[in-house]
Amino acid sequence: LRHLSWFRRSSAALRSGLRPLRLLATAYPKRAAACLFVNLVNGFAFTPSAVLKVKHLQDTHGLSPAAVSVVVVSSGLVALAVFPLLGRLSDKGGRRTLLCGFMSACPIGVLAFYNAPGSFYLPFYFLQMMAGFALSGLQTTFFAESFPESHRCTAQGVMMSFAVVGGATGLATESLIYTYVGNHARAVSLVLLPSFISPIVVHLCLPETAGKDLSEISPELHEEGAEEKMELSEDNLRTPSGPGSPRGSRGLVTRKSSSTITV
């Protein structure tokens, strides 16, 4: 009996721990698949360009480390100044629309930065930098609002893991393509192409969240009550109810009385 009780407690703890993952897969499967796919694709497409950005500035355009620091810091400050404006625009125009716009602008800016001749790379560097910052903030907020509170953090963690896997795969793919094309700019450009699918998936599969209550966008599925009833019914079946088992009879009487009070 002790081993059976320990097994039941362990099974209940395991079911409780896996419940957020089960809800992520069953509550809103279309949203979950879309968010995971977008994080995987964006991690795959943008990680090589982010890693090789400074190398491209130094090797291709001949910038010194000090000049690279000035470019990076100045573009980062401009991007931070744009964040409040992006928040207002997302509240008024819609987060999904703005996110799709930046999902389209960011790869265009990266492609232009890696392939622009002469000094024309500089404005495109600022464009892809600001679009990348905006994409990161908007995507995190928008995707989080697409899931209920019961498994929102779980969804965020799984999406981050998919982004990491996509980034590692993207770096490996870029290295493989580089051995054939002999140029990091071309290899990064080829790896970047799948990112243009992301705004289409977001627009078709995810709802607009601006101006709506989170309970309206992603209402909770009331499964706890059903699970508790199922556990109670299992206890009733397993508990002996004969005259020689007063413990089981007390449990049955207690449940009956509680149901009578509820009615």
# chains A, B, ... in the order shown; residues from 1 in each chain; ligands from 1
>>> residues_around(residues="His61 in chain A", least_positions_apart="2", cutoff="9 Å", atoms="only C-alpha atoms", output="count of residues only")
8
>>> residues_around(residues="Lys92 in chain A", least_positions_apart="2", cutoff="8 Å", atoms="only C-alpha atoms", output="PyMOL selection string")
chain A and resi 88-90+94+210-211
>>> write_last_selection(atoms="all heavy atoms", output="CSV table (one decimal), in the first residue's frame")
chain,number,residue,atom,x,y,z
A,88,ARG,N,3.3,53.1,-28.5
A,88,ARG,CA,2.1,53.9,-28.9
A,88,ARG,C,1.5,53.4,-30.2
A,88,ARG,O,0.3,53.2,-30.4
A,88,ARG,CB,2.4,55.3,-28.9
A,88,ARG,CG,2.7,55.9,-27.6
A,88,ARG,CD,3.0,57.4,-27.7
A,88,ARG,NE,3.4,58.0,-26.4
A,88,ARG,CZ,3.8,59.3,-26.3
A,88,ARG,NH1,3.8,60.1,-27.3
A,88,ARG,NH2,4.1,59.7,-25.1
A,89,LEU,N,2.4,53.2,-31.2
A,89,LEU,CA,1.9,52.7,-32.5
A,89,LEU,C,1.3,51.3,-32.4
A,89,LEU,O,0.2,51.1,-33.1
A,89,LEU,CB,3.1,52.7,-33.5
A,89,LEU,CG,3.6,54.1,-33.9
A,89,LEU,CD1,4.8,53.9,-34.8
A,89,LEU,CD2,2.5,54.9,-34.6
A,90,SER,N,1.8,50.5,-31.6
A,90,SER,CA,1.3,49.1,-31.5
A,90,SER,C,-0.1,49.1,-30.8
A,90,SER,O,-1.0,48.3,-31.1
A,90,SER,CB,2.2,48.2,-30.7
A,90,SER,OG,2.4,48.7,-29.4
A,94,GLY,N,-2.3,48.4,-33.9
A,94,GLY,CA,-2.3,46.9,-33.7
A,94,GLY,C,-0.9,46.3,-33.7
A,94,GLY,O,-0.1,46.6,-34.5
A,210,ALA,N,-4.2,44.1,-29.5
A,210,ALA,CA,-4.2,45.5,-29.1
A,210,ALA,C,-5.6,45.9,-28.8
A,210,ALA,O,-6.6,45.6,-29.5
A,210,ALA,CB,-3.6,46.4,-30.2
A,211,GLY,N,-5.8,46.6,-27.6
A,211,GLY,CA,-7.1,47.1,-27.3
A,211,GLY,C,-8.1,46.0,-26.7
A,211,GLY,O,-9.3,46.3,-26.6
>>> residues_around(residues="Ser218 in chain A", least_positions_apart="3", cutoff="8 Å", atoms="only C-alpha atoms", output="list in words")
Glu145, Ser146, Phe147, Pro148, Leu214 and Ser215 of chain A
>>> residues_around(residues="Thr47 in chain A", least_positions_apart="3", cutoff="10 Å", atoms="only C-alpha atoms", output="list of chain:residue names")
A:Asn42, A:Gly43, A:Phe44, A:Ala50, A:Val51, A:Leu52, A:Lys53, A:Ala163, A:Val164, A:Gly166, A:Gly167, A:Ala168, A:Thr169, A:Gly170, A:Leu171, A:Glu174, A:Val188, A:Val191, A:Leu192
>>> closest_residue(among="A:Phe133, A:Gly62, A:Arg31, A:Val165", to="Ala45 in chain A", atoms="only C-alpha atoms")
A:Val165
>>> residues_around(residues="Val82 in chain A", least_positions_apart="6", cutoff="12 Å", atoms="only C-alpha atoms", output="list in words")
Ser75, Gly76, Arg88, Leu89, Phe126, Leu127, Met129, Met130, Ala131, Gly132, Phe133, Ala134 and Gly137 of chain A
>>> atom_distance(atom1="CA of Pro199 in chain A", atom2="CA of Met103 in chain A")
5.7 Å
>>> atom_distance(atom1="CA of Cys205 in chain A", atom2="CA of Phe83 in chain A")
25.7 Å
